[in-house]
Amino acid sequence: MFIQTAATPNADALQFIPGVPVLGSSNSDSGASSSMRTVEYNSPREGLKSPLATRLFAIEGVKGIMYGSDFVTVRKDSDHPWQLMKPDIYAAIMDHFSSGRSLIREDTESDGTAKSSAAGVTEEDSEIVSEIKELLESRVRPSIQEDGGDLDFVSFDEATGVVKIRLRGACRGCSSSTVTLKHGVEGMLTYYIPEVTSVESVDDELEVQANKEFNKLEAQLVGKTSASS
């Protein structure tokens, strides 16, 4: 197996392309086509649902993993260089796809732990929301997935015209994602759908909570350092 890599706009995220289907039809769900679906894990605990993710999270520096139709996006801590991590990542991906094991454990595919892409139109959607989702699905997600990322539609506020989306994969923590959001997604949606006034990115609740806990711990450490000096 020859695994290729592709750079993304995020220096701390790389696409690994094993040359075989990653999220195949056996892992598809009714909410998205198998070619467009992505599944993301942002912690070792979430990664327990996937044997490959479990092994990748065991590599020092790995922060997040996203599966696409034919690629695996790996996000890392900025303190860990790719040249030290790549050999272990290559080995994990090669061993997994050579073994024939399932990518996602069958007994956990529908338990909601993994963050799966969710942009499909439903019967409950208003006409405007349906149009927003269709544009995101047909015009935005394919180009973002080419760079190892993805996005979810979160909500549309009819009173303010604000569309909220959640960036995933290589888009997380990427400095250029703001440009993509404003000039790409927002520009297109406001052009085709006059009711849309702006597009905003929101974080996962767990991610927000984790950042709060980190900031609290950092403040405590700074306080102790100041007291000791």
# chains A, B, ... in the order shown; residues from 1 in each chain; ligands from 1
$ select_by_dssp --residues "stretch 23-109 of chain A" --states "strand (DSSP E)" --output "list in words"
Val39, Glu40, Tyr41, Val62, Lys63, Gly64, Ile65, Met66, Tyr67, Val72, Thr73, Val74, Arg75 and Lys76 of chain A
$ closest_residue --among "A:Ala91, A:Ile3, A:Leu167, A:Val199" --to "A:Thr38" --atoms "only C-alpha atoms"
A:Leu167
$ residues_around --residues "A:Lys76" --least-positions-apart "3" --cutoff "7 Å" --atoms "only C-alpha atoms" --output "number ranges by chain"
A: 12-13, 61-64
$ closest_residue --among "A:Ile65, A:Val162, A:Ile104, A:Val39" --to "A:Ile128" --atoms "only C-alpha atoms"
A:Val162
$ closest_residue --among "A:Arg101, A:His96, A:Arg75, A:Lys164" --to "A:Asn42" --atoms "only C-alpha atoms"
A:Arg75
$ atom_distance --atom1 "atom CA of A:Leu151" --atom2 "atom CA of A:Ile193"
18.8 Å
$ atom_distance --atom1 "atom CA of A:Ser126" --atom2 "atom CA of A:Asp152"
17.2 Å
$ atom_distance --atom1 "atom CA of A:Val202" --atom2 "atom CA of A:Trp82"
28.0 Å
$ select_by_dssp --residues "stretch 146-206 of chain A" --states "alpha helix (DSSP H)" --output "list in words"
Glu146, Ser177, Thr178, Val179, Gly187, Met188, Leu189, Thr190, Tyr191, Tyr192, Glu205 and Leu206 of chain A
$ write_last_selection --atoms "N, CA and C atoms" --output "short mmCIF file (atom, residue, chain, number, x, y, z; two decimals), in the first residue's frame"
data_model
loop_
_atom_site.label_atom_id
_atom_site.label_comp_id
_atom_site.auth_asym_id
_atom_site.auth_seq_id
_atom_site.Cartn_x
_atom_site.Cartn_y
_atom_site.Cartn_z
N GLU A 146 -11.72 18.72 -0.18
CA GLU A 146 -10.48 18.57 -0.93
C GLU A 146 -9.27 19.02 -0.11
N SER A 177 -9.25 29.79 7.75
CA SER A 177 -10.66 29.41 7.77
C SER A 177 -11.56 30.64 7.86
N THR A 178 -11.08 31.72 8.50
CA THR A 178 -11.86 32.96 8.57
C THR A 178 -12.08 33.54 7.18
N VAL A 179 -11.03 33.48 6.37
CA VAL A 179 -11.14 33.98 5.00
C VAL A 179 -12.12 33.12 4.21
N GLY A 187 -20.05 34.90 1.26
CA GLY A 187 -20.24 35.58 -0.02
C GLY A 187 -21.21 34.84 -0.92
N MET A 188 -21.08 33.51 -0.98
CA MET A 188 -21.95 32.73 -1.84
C MET A 188 -23.39 32.70 -1.33
N LEU A 189 -23.56 32.47 -0.01
CA LEU A 189 -24.90 32.37 0.55
C LEU A 189 -25.65 33.70 0.44
N THR A 190 -24.98 34.81 0.74
CA THR A 190 -25.66 36.11 0.66
C THR A 190 -25.99 36.47 -0.79
N TYR A 191 -25.21 35.97 -1.73
CA TYR A 191 -25.46 36.26 -3.14
C TYR A 191 -26.70 35.52 -3.65
N TYR A 192 -26.78 34.23 -3.31
CA TYR A 192 -27.89 33.42 -3.80
C TYR A 192 -29.14 33.54 -2.94
N GLU A 205 -19.78 22.19 22.03
CA GLU A 205 -19.93 22.45 23.46
C GLU A 205 -18.79 21.84 24.26
N LEU A 206 -18.39 20.62 23.88
CA LEU A 206 -17.30 19.96 24.61
C LEU A 206 -15.99 20.71 24.41
#
